$ cat run.cif   # mmCIF, C-alpha atoms
data_data
loop_
_atom_site.label_atom_id
_atom_site.label_comp_id
_atom_site.auth_asym_id
_atom_site.auth_seq_id
_atom_site.Cartn_x
_atom_site.Cartn_y
_atom_site.Cartn_z
CA MET A 29 10.76 82.82 15.31
CA ASN A 30 10.13 81.04 18.64
CA SER A 31 9.58 77.69 17.00
CA GLN A 32 12.80 78.23 15.14
CA MET A 33 14.67 78.88 18.39
CA LEU A 34 13.01 75.84 19.99
CA THR A 35 14.15 73.61 17.13
CA ILE A 36 17.69 74.86 17.35
CA VAL A 37 17.84 74.46 21.12
CA LEU A 38 16.42 70.92 20.99
CA ALA A 39 18.74 69.90 18.16
CA VAL A 40 21.77 71.27 19.99
CA LEU A 41 20.70 69.47 23.17
CA LEU A 42 20.35 66.22 21.24
CA LEU A 43 23.74 66.75 19.65
CA VAL A 44 25.36 67.32 23.04
CA LEU A 45 23.62 64.24 24.41
CA VAL A 46 24.79 62.09 21.51
CA ILE A 47 28.37 63.30 21.87
CA ASP A 48 28.25 62.65 25.60
CA LEU A 49 26.93 59.12 24.97
CA VAL A 50 29.84 58.49 22.63
CA ARG A 51 32.18 59.95 25.23
CA ARG A 52 30.86 57.61 27.88
CA GLU A 53 31.02 54.76 25.38
CA LYS A 54 27.29 54.07 25.57
CA LEU A 55 27.08 54.66 21.84
CA SER A 56 29.60 53.65 19.23
CA PHE A 57 30.64 55.98 16.46
CA LYS A 58 29.03 53.82 13.79
CA TYR A 59 25.57 54.44 15.25
CA ALA A 60 26.20 57.93 16.55
CA PHE A 61 27.15 59.23 13.12
CA GLY A 62 23.58 59.11 11.79
CA TRP A 63 22.30 60.98 14.83
CA ILE A 64 24.97 63.63 14.47
CA LEU A 65 23.95 64.13 10.84
CA ILE A 66 20.28 64.43 11.83
CA CYS A 67 21.08 67.05 14.50
CA VAL A 68 23.24 69.07 12.17
CA SER A 69 20.66 69.02 9.37
CA ALA A 70 17.90 70.01 11.82
CA ILE A 71 19.97 72.98 12.94
CA GLY A 72 20.74 73.83 9.32
CA ALA A 73 17.08 73.66 8.33
CA ALA A 74 16.08 75.86 11.27
CA VAL A 75 18.72 78.47 10.53
CA PHE A 76 18.10 78.57 6.79
CA LYS A 77 14.36 78.20 7.04
CA ASN A 78 13.72 80.01 3.75
CA ILE A 79 15.42 77.24 1.85
CA LEU A 80 13.35 74.72 3.79
CA PHE A 81 10.13 76.60 2.97
CA ARG A 82 10.98 76.90 -0.70
CA PHE A 83 11.82 73.24 -0.86
CA ALA A 84 8.49 72.40 0.80
CA TYR A 85 6.52 74.49 -1.75
CA TRP A 86 8.51 73.01 -4.60
CA LEU A 87 7.53 69.52 -3.44
CA GLY A 88 3.88 70.66 -3.40
CA PHE A 89 3.22 71.04 0.32
CA GLU A 90 0.89 73.95 0.99
CA LEU A 91 2.14 74.38 4.53
CA PRO A 92 5.83 74.03 5.37
CA SER A 93 4.85 72.52 8.71
CA ASN A 94 3.18 69.65 6.86
CA PHE A 95 6.41 69.03 5.07
CA ILE A 96 8.30 68.97 8.37
CA PHE A 97 5.85 66.45 9.84
CA PHE A 98 6.05 64.37 6.71
CA ALA A 99 9.84 64.43 6.67
CA SER A 100 10.17 63.49 10.34
CA LEU A 101 7.68 60.66 9.96
CA ALA A 102 9.49 59.37 6.90
CA GLY A 103 12.77 59.63 8.77
CA ILE A 104 11.46 57.70 11.75
CA THR A 105 10.00 55.02 9.49
CA PHE A 106 13.32 54.62 7.77
CA LEU A 107 15.14 54.52 11.09
CA SER A 108 12.91 51.78 12.46
CA LEU A 109 13.49 49.74 9.32
CA LEU A 110 17.21 50.19 9.85
CA LEU A 111 16.87 49.11 13.47
CA THR A 112 14.96 46.01 12.39
CA ILE A 113 17.80 45.16 10.02
CA PHE A 114 20.36 45.54 12.80
CA LEU A 115 18.17 43.45 15.07
CA CYS A 116 18.01 40.68 12.48
CA GLN A 117 21.75 40.78 12.06
CA GLN A 118 22.23 40.48 15.82
CA ASN A 119 19.78 37.58 15.93
CA HIS A 120 21.63 35.80 13.19
CA ARG A 121 24.95 36.35 14.92
CA ASN A 122 23.57 35.13 18.23
CA ASP A 123 22.45 31.91 16.60
CA LYS A 124 25.86 31.44 15.04
CA ILE A 125 27.65 32.00 18.33
CA ALA A 126 25.34 29.56 20.11
CA GLN A 127 25.97 26.91 17.45
CA LYS A 128 29.69 27.44 17.47
CA LEU A 129 29.74 27.30 21.26
CA GLY A 130 27.79 24.03 21.21
CA LEU A 131 30.19 22.55 18.68
CA LEU A 132 33.18 23.67 20.75
CA GLU A 133 31.71 22.12 23.88
CA LYS A 134 31.22 18.85 22.07
CA LYS A 135 34.77 18.94 20.80
CA LEU A 136 36.00 19.54 24.36
CA ASP A 137 33.87 16.67 25.69
CA ASP A 138 35.27 14.41 22.96
CA LEU A 139 38.80 15.45 23.85
CA GLN A 140 38.18 14.87 27.55
CA GLY A 141 36.71 11.46 26.74
CA SER A 142 39.76 10.49 24.73
CA PHE A 143 42.02 11.55 27.57
CA LYS A 144 40.18 9.35 30.09
CA GLU A 145 40.48 6.29 27.89
CA MET B 8 53.59 28.50 21.27
CA ALA B 9 57.08 27.78 20.01
CA PHE B 10 58.46 31.31 20.05
CA ASN B 11 57.78 34.50 21.94
CA LYS B 12 57.03 36.48 18.79
CA LEU B 13 53.76 36.25 16.92
CA ILE B 14 52.70 37.30 13.45
CA ILE B 15 48.99 38.08 13.21
CA ILE B 16 47.38 37.90 9.79
CA PRO B 17 43.75 38.93 9.59
CA ALA B 18 42.14 37.27 6.57
CA PHE B 19 38.70 37.58 5.04
CA ASN B 20 38.11 35.45 1.95
CA GLU B 21 41.79 35.30 1.07
CA SER B 22 42.02 31.69 -0.05
CA ASN B 23 43.82 32.77 -3.23
CA ASN B 24 46.57 34.61 -1.37
CA ILE B 25 46.90 33.12 2.08
CA HIS B 26 49.03 30.11 1.21
CA HIS B 27 51.50 32.17 -0.79
CA THR B 28 51.68 34.87 1.87
CA LEU B 29 52.29 32.34 4.64
CA THR B 30 55.02 30.45 2.79
CA GLU B 31 56.73 33.71 2.00
CA ILE B 32 56.59 34.81 5.64
CA ARG B 33 57.94 31.44 6.74
CA ARG B 34 60.82 31.87 4.33
CA CYS B 35 61.89 35.33 5.53
CA ALA B 36 60.84 35.41 9.15
CA ASP B 37 62.18 32.61 11.24
CA GLY B 38 61.45 32.56 14.93
CA PHE B 39 57.83 33.69 14.71
CA ASP B 40 54.62 31.84 15.36
CA LEU B 41 52.05 32.43 12.63
CA LEU B 42 48.47 33.13 13.53
CA VAL B 43 45.78 33.63 10.92
CA VAL B 44 42.55 35.18 12.13
CA ASP B 45 39.94 33.96 9.70
CA ASP B 46 37.37 36.74 9.91
CA GLY B 47 34.27 34.75 9.04
CA SER B 48 35.42 33.84 5.53
CA SER B 49 32.98 31.98 3.33
CA ASP B 50 35.73 30.40 1.24
CA ASP B 51 38.40 27.93 2.33
CA THR B 52 40.78 30.49 3.84
CA ARG B 53 40.87 28.49 7.05
CA GLU B 54 41.79 25.21 5.35
CA ARG B 55 44.46 26.83 3.20
CA ALA B 56 46.00 28.50 6.26
CA VAL B 57 46.08 25.27 8.26
CA GLU B 58 47.60 23.57 5.23
CA ALA B 59 50.39 26.15 5.19
CA GLY B 60 51.14 25.41 8.82
CA ALA B 61 49.67 28.44 10.57
CA GLU B 62 47.61 28.45 13.69
CA VAL B 63 44.09 29.62 12.91
CA ILE B 64 41.41 31.40 14.90
CA SER B 65 38.12 31.32 13.03
CA LEU B 66 35.58 33.94 13.96
CA PRO B 67 31.94 32.82 13.66
CA PHE B 68 31.10 35.84 11.49
CA ASN B 69 32.81 38.80 9.91
CA LEU B 70 33.87 41.37 12.49
CA GLY B 71 35.98 43.58 10.24
CA ILE B 72 39.68 44.19 10.48
CA GLY B 73 39.57 45.75 13.96
CA GLY B 74 37.76 42.84 15.58
CA ALA B 75 39.98 40.33 13.80
CA VAL B 76 43.25 41.97 14.83
CA GLN B 77 41.98 42.34 18.37
CA ALA B 78 41.18 38.63 18.51
CA GLY B 79 44.76 37.95 17.48
CA LEU B 80 46.09 40.33 20.11
CA MET B 81 43.89 38.72 22.76
CA HIS B 82 45.55 35.44 21.92
CA ALA B 83 48.98 37.08 22.05
CA HIS B 84 48.11 38.57 25.44
CA ARG B 85 46.86 35.31 26.89
CA ALA B 86 49.67 33.18 25.54
CA GLY B 87 52.19 35.71 26.81
CA TYR B 88 53.92 36.73 23.60
CA GLU B 89 56.56 39.45 23.88
CA TYR B 90 56.04 40.86 20.40
CA ALA B 91 53.21 40.79 17.88
CA ILE B 92 53.33 41.99 14.29
CA ARG B 93 50.30 42.44 12.11
CA LEU B 94 50.58 41.76 8.40
CA ASP B 95 47.98 41.70 5.64
CA ALA B 96 47.04 38.43 4.01
CA ASP B 97 46.87 39.79 0.49
CA GLY B 98 50.61 40.02 0.01
CA GLN B 99 50.98 43.78 -0.16
CA HIS B 100 53.28 43.82 2.85
CA ASP B 101 56.78 42.54 2.17
CA PRO B 102 57.64 40.02 4.91
CA GLU B 103 61.29 41.10 4.67
CA ASP B 104 60.25 44.25 6.53
CA ILE B 105 59.19 42.24 9.57
CA HIS B 106 62.80 42.40 10.70
CA ALA B 107 62.88 46.19 10.54
CA ILE B 108 59.69 46.41 12.64
CA LEU B 109 60.96 43.89 15.16
CA LYS B 110 64.28 45.67 15.38
CA SER B 111 62.56 48.96 16.14
CA LEU B 112 60.47 47.26 18.86
CA GLN B 113 63.56 45.75 20.43
CA VAL B 114 66.26 48.35 19.87
CA ASP B 115 64.33 51.62 19.93
CA ASP B 116 62.15 50.24 22.73
CA ALA B 117 59.03 51.46 20.93
CA ASP B 118 55.68 50.14 22.18
CA MET B 119 54.08 50.37 18.74
CA VAL B 120 55.88 50.42 15.42
CA ILE B 121 54.27 51.49 12.15
CA GLY B 122 55.52 50.21 8.81
CA SER B 123 55.50 53.43 6.83
CA ARG B 124 55.36 54.00 3.08
CA PHE B 125 56.42 57.61 3.45
CA ILE B 126 59.71 57.59 5.26
CA GLY B 127 63.06 56.48 3.99
CA LYS B 128 63.49 55.63 0.37
CA ASN B 129 60.64 53.61 -0.92
CA ARG B 130 62.55 50.88 -2.74
CA GLU B 131 60.64 50.50 -6.02
CA GLY B 132 57.53 50.06 -3.91
CA TYR B 133 53.99 50.89 -4.80
CA ALA B 134 53.14 54.49 -3.96
CA PRO B 135 49.52 55.38 -3.29
CA ARG B 136 47.89 57.69 -5.82
CA TRP B 137 47.72 61.32 -4.90
CA PRO B 138 44.13 61.57 -3.60
CA ARG B 139 44.82 58.84 -1.12
CA ARG B 140 48.25 60.20 -0.29
CA LEU B 141 46.70 63.59 0.40
CA GLY B 142 44.10 61.94 2.62
CA ILE B 143 46.75 60.08 4.59
CA PHE B 144 48.72 63.30 5.16
CA TYR B 145 45.53 65.09 6.18
CA LEU B 146 44.90 62.40 8.81
CA SER B 147 48.47 62.75 9.90
CA ALA B 148 47.88 66.47 10.51
CA ILE B 149 44.63 65.75 12.38
CA ILE B 150 46.31 63.21 14.62
CA PHE B 151 49.18 65.58 15.29
CA GLY B 152 46.69 68.31 16.19
CA LEU B 153 44.68 66.09 18.50
CA THR B 154 47.47 64.21 20.24
CA GLY B 155 50.79 65.87 19.41
CA GLN B 156 51.94 62.56 17.97
CA ARG B 157 53.76 62.68 14.63
CA VAL B 158 52.99 59.75 12.36
CA LEU B 159 53.30 59.97 8.59
CA ASP B 160 51.62 56.78 7.43
CA THR B 161 48.38 56.93 9.34
CA THR B 162 46.57 54.14 7.49
CA SER B 163 49.29 51.54 7.44
CA GLY B 164 48.11 48.08 8.42
CA PHE B 165 51.66 46.82 8.78
CA CYS B 166 52.56 47.32 12.43
CA GLY B 167 53.96 45.74 15.53
CA TRP B 168 53.53 45.92 19.29
CA ASN B 169 55.56 44.93 22.31
CA ARG B 170 54.07 43.50 25.49
CA LYS B 171 52.73 46.89 26.58
CA GLY B 172 51.08 47.47 23.20
CA ILE B 173 49.65 43.96 23.12
CA ASP B 174 48.14 44.40 26.57
CA LEU B 175 46.50 47.71 25.69
CA PHE B 176 45.10 46.71 22.31
CA ALA B 177 43.94 43.30 23.49
CA GLN B 178 41.63 45.25 25.78
CA MET B 179 40.51 47.97 23.42
CA PHE B 180 40.91 47.93 19.71
CA PRO B 181 39.00 50.44 17.59
CA VAL B 182 36.56 48.92 15.11
CA ASP B 183 35.39 51.85 12.99
CA PHE B 184 38.68 53.06 11.52
CA PRO B 185 41.24 50.78 13.15
CA GLU B 186 44.52 52.18 11.83
CA PRO B 187 44.21 55.94 12.54
CA GLU B 188 42.14 55.40 15.68
CA SER B 189 44.65 53.00 17.17
CA LEU B 190 47.29 55.72 16.83
CA VAL B 191 45.14 58.08 18.89
CA ILE B 192 44.52 55.40 21.51
CA ALA B 193 48.22 54.53 21.65
CA SER B 194 49.28 58.09 22.23
CA ARG B 195 46.53 58.71 24.77
CA PHE B 196 47.67 55.74 26.82
CA GLY B 197 51.25 56.85 26.64
CA LEU B 198 52.64 54.27 24.25
CA SER B 199 55.74 55.33 22.35
CA ILE B 200 55.25 55.07 18.60
CA SER B 201 57.96 54.76 15.99
CA GLU B 202 57.84 54.50 12.22
CA VAL B 203 60.10 52.42 10.02
CA PRO B 204 60.22 52.44 6.21
CA VAL B 205 58.55 49.49 4.49
CA VAL B 206 57.68 48.58 0.93
CA MET B 207 54.10 48.17 -0.19
CA ARG B 208 53.57 45.95 -3.18
CA GLN B 209 50.65 45.53 -5.48
CA ARG B 210 48.19 42.99 -4.19
CA TYR B 211 48.46 39.48 -5.58
CA SER B 212 44.80 39.31 -6.44
CA GLY B 213 41.55 40.93 -5.53
CA LYS B 214 40.68 44.59 -5.16
CA SER B 215 41.45 46.95 -2.34
CA SER B 216 38.48 47.49 -0.09
CA ILE B 217 38.92 51.27 -0.06
CA ASN B 218 36.93 53.05 -2.75
CA PHE B 219 38.60 56.19 -4.09
CA ILE B 220 35.31 58.01 -4.71
CA ARG B 221 34.40 57.70 -1.08
CA THR B 222 37.70 59.14 0.12
CA PHE B 223 36.26 62.50 1.17
CA TYR B 224 33.31 61.02 2.97
CA TYR B 225 35.72 58.64 4.65
CA LEU B 226 38.04 61.45 5.72
CA PHE B 227 35.14 63.45 7.13
CA LYS B 228 33.95 60.48 9.16
CA VAL B 229 37.43 59.60 10.39
CA SER B 230 38.13 63.16 11.51
CA LEU B 231 34.87 63.23 13.45
CA ALA B 232 35.58 59.82 14.98
CA LEU B 233 39.09 60.84 16.00
CA PHE B 234 37.80 64.07 17.48
CA LEU B 235 35.10 62.27 19.48
CA MET B 236 37.71 59.78 20.61
CA THR B 237 39.82 62.49 22.20
CA LEU B 238 36.74 63.60 24.14
CA SER B 239 36.09 60.19 25.61
CA ARG B 240 37.02 59.23 29.12
CA GLN B 241 40.69 59.05 29.84
CA GLU B 242 40.95 56.25 32.36
CA GLY B 243 42.11 52.82 31.32
CA ASP B 244 39.31 51.10 33.17
CA ARG B 245 38.52 48.41 30.67
CA HIS B 246 39.49 45.33 32.58
CA GLU B 247 36.47 43.20 31.82
#

$ encode --input "run.cif" --output "C-alpha cells"
Amino acid sequence: MNSQMLTIVLAVLLLVLVIDLVRREKLSFKYAFGWILICVSAIGAAVFKNILFRFAYWLGFELPSNFIFFASLAGITFLSLLLTIFLCQQNHRNDKIAQKLGLLEKKLDDLQGSFKE
Amino acid sequence: MAFNKLIIIPAFNESNNIHHTLTEIRRCADGFDLLVVDDGSSDDTRERAVEAGAEVISLPFNLGIGGAVQAGLMHAHRAGYEYAIRLDADGQHDPEDIHAILKSLQVDDADMVIGSRFIGKNREGYAPRWPRRLGIFYLSAIIFGLTGQRVLDTTSGFCGWNRKGIDLFAQMFPVDFPEPESLVIASRFGLSISEVPVVMRQRYSGKSSINFIRTFYYLFKVSLALFLMTLSRQEGDRHE
C-alpha cells in the first residue's frame, strides 16, 4: 500500500515537473509527450496494481517486483537508444550546417572579390 | 523585393508540382513576390523553382512545415513585406483565392486570415472525408474552448498575415502541429483572425502526408499540445 502511494506521488511529481518544463519552454512537446505517457502509465499501473500483477505472472515472473524492475530497465535501455539516435541526428545536422556555412562564406568572399575588381 | 506582398511556398520534394504551381500563381496573382522555401529536398525542387522564376531559400535539412514557413516569414520580416500569404506547393490551393485572402487582410484589417474549406459555398471543391472533417471540427471546438477564438478550418495551410502577424510568427512559429497551434498563438497574442472561403483541389501528384488511421492518435496529441500551450508563459519575450 505504501509503495503504491509512493509510486503515485513520484509519478505525479514527475508529471507536474514535465508540464512545468514545457510551460517554461525548456522542453518541447515532441520530447515531453513520451514522458507524459510514462507518467500516466506509471500512475495507471499503481492504481490498477492487480492488472499489473496478473500481467507479471502471465509473463512468468514469480515476483511482480521483478517484473517492475525488468520493465523499467528495458524502458531506460530503449530510451537511451532513442537518445543516441537523436544525438546522431543532431551531429549530422551540425555537420551539414557547418558545411553550408563554409560554402556561403566562400560565396560571399567570391562576391566581394568580384566587386573589388 | 519588387513588391510589398510575398507568397511563401514551403516545398519538400515537390519537383513534380512546383513548376506548375508557380506558373499558375504567377498567372493569377500579379503584384506578389514568390518565395519557395525548399525544406531540405533531396530532389531538384530548388532548381525547378529557380527555373520558374521564384526566389528560393534552401534549408540545409528537413525542418518540417513549421520551420519552413517560419524561415519564409523571417525573410518577410527582414525584408519588410506588408503582407505574406502561405500556399502549398502541391497545387491543392487554388491561387485564385489569394485575392480573397489579401482582400480580407486589407479590408477587414485582419492580422491573420485563414483560407477555409468550411465556410461559404465550396465551389465544386474537394471536401475532406468525414473522419478528417470530424477531427477538424473537434479541433475547432478545442481551440474555441481554450482561447474563445472561433475558427472552422483549423488545419488549413492556406493563410495570410499582415505586418503584425509576420512579426509575431517570424519570432515564434509552432513546429509540432503548425496550423492549429498557430491559431492558439495568434489569439493569445491578440491577433485578429478572419476566415475566408477557399477551394481545395485534389493534389496534382503524390500522397497527402496525413494518414487517416492515425487520426485519433493525432487528435489526442494535438489536444494535449494545445492545452499545454495555453499553460505556457504569456509574455512575448522572444526577441532573440

$ atom_distance --input "run.cif" --atom1 "atom CA of B:Ile32" --atom2 "atom CA of B:Ile92"
11.7 Å

$ interface_residues --input "run.cif" --of "chain B" --to "chain A" --cutoff "7 Å" --atoms "all atoms listed in the file" --output "PDB file with C-alpha atoms, in the frame of the given file"
ATOM      1  CA  PRO B  67      31.940  32.820  13.660  1.00  0.00           C
ATOM      2  CA  ASP B 183      35.390  51.850  12.990  1.00  0.00           C
ATOM      3  CA  ALA B 232      35.580  59.820  14.980  1.00  0.00           C
ATOM      4  CA  LEU B 235      35.100  62.270  19.480  1.00  0.00           C
ATOM      5  CA  LEU B 238      36.740  63.600  24.140  1.00  0.00           C
ATOM      6  CA  SER B 239      36.090  60.190  25.610  1.00  0.00           C
ATOM      7  CA  ARG B 240      37.020  59.230  29.120  1.00  0.00           C
TER       8      ARG B 240
END

$ axis_aligned_box --input "run.cif" --around "stretch 85-100 of chain A" --padding-each-side "8 Å" --output "AutoDock Vina command-line options"
--center_x 5.5 --center_y 69.0 --center_z 2.9 --size_x 25.3 --size_y 27.0 --size_z 30.9

$ closest_residue --input "run.cif" --among "B:Val43, B:Leu66, B:Ala91, B:Ile105" --to "B:Trp168" --atoms "only C-alpha atoms"
B:Ala91

$ residues_near_point --input "run.cif" --point "(54.1, 29.7, 8.7)" --cutoff "8 Å" --atoms "only C-alpha atoms" --output "ChimeraX atom specification"
/B:29-30,32-33,40-41,59-61

$ resolve_selection --input "run.cif" --expression "the PyMOL selection byres ((chain A and resi 75-92) around 12)" --output "list of chain:residue names"
A:Met29, A:Ser31, A:Gln32, A:Met33, A:Leu34, A:Thr35, A:Ile36, A:Val37, A:Ala39, A:Val68, A:Ser69, A:Ala70, A:Ile71, A:Gly72, A:Ala73, A:Ala74, A:Ser93, A:Asn94, A:Phe95, A:Ile96, A:Phe97, A:Phe98, A:Ala99

$ closest_residue --input "run.cif" --among "B:Thr162, B:Asp174, B:Pro102, B:Val229" --to "B:Arg139" --atoms "all atoms listed in the file"
B:Thr162
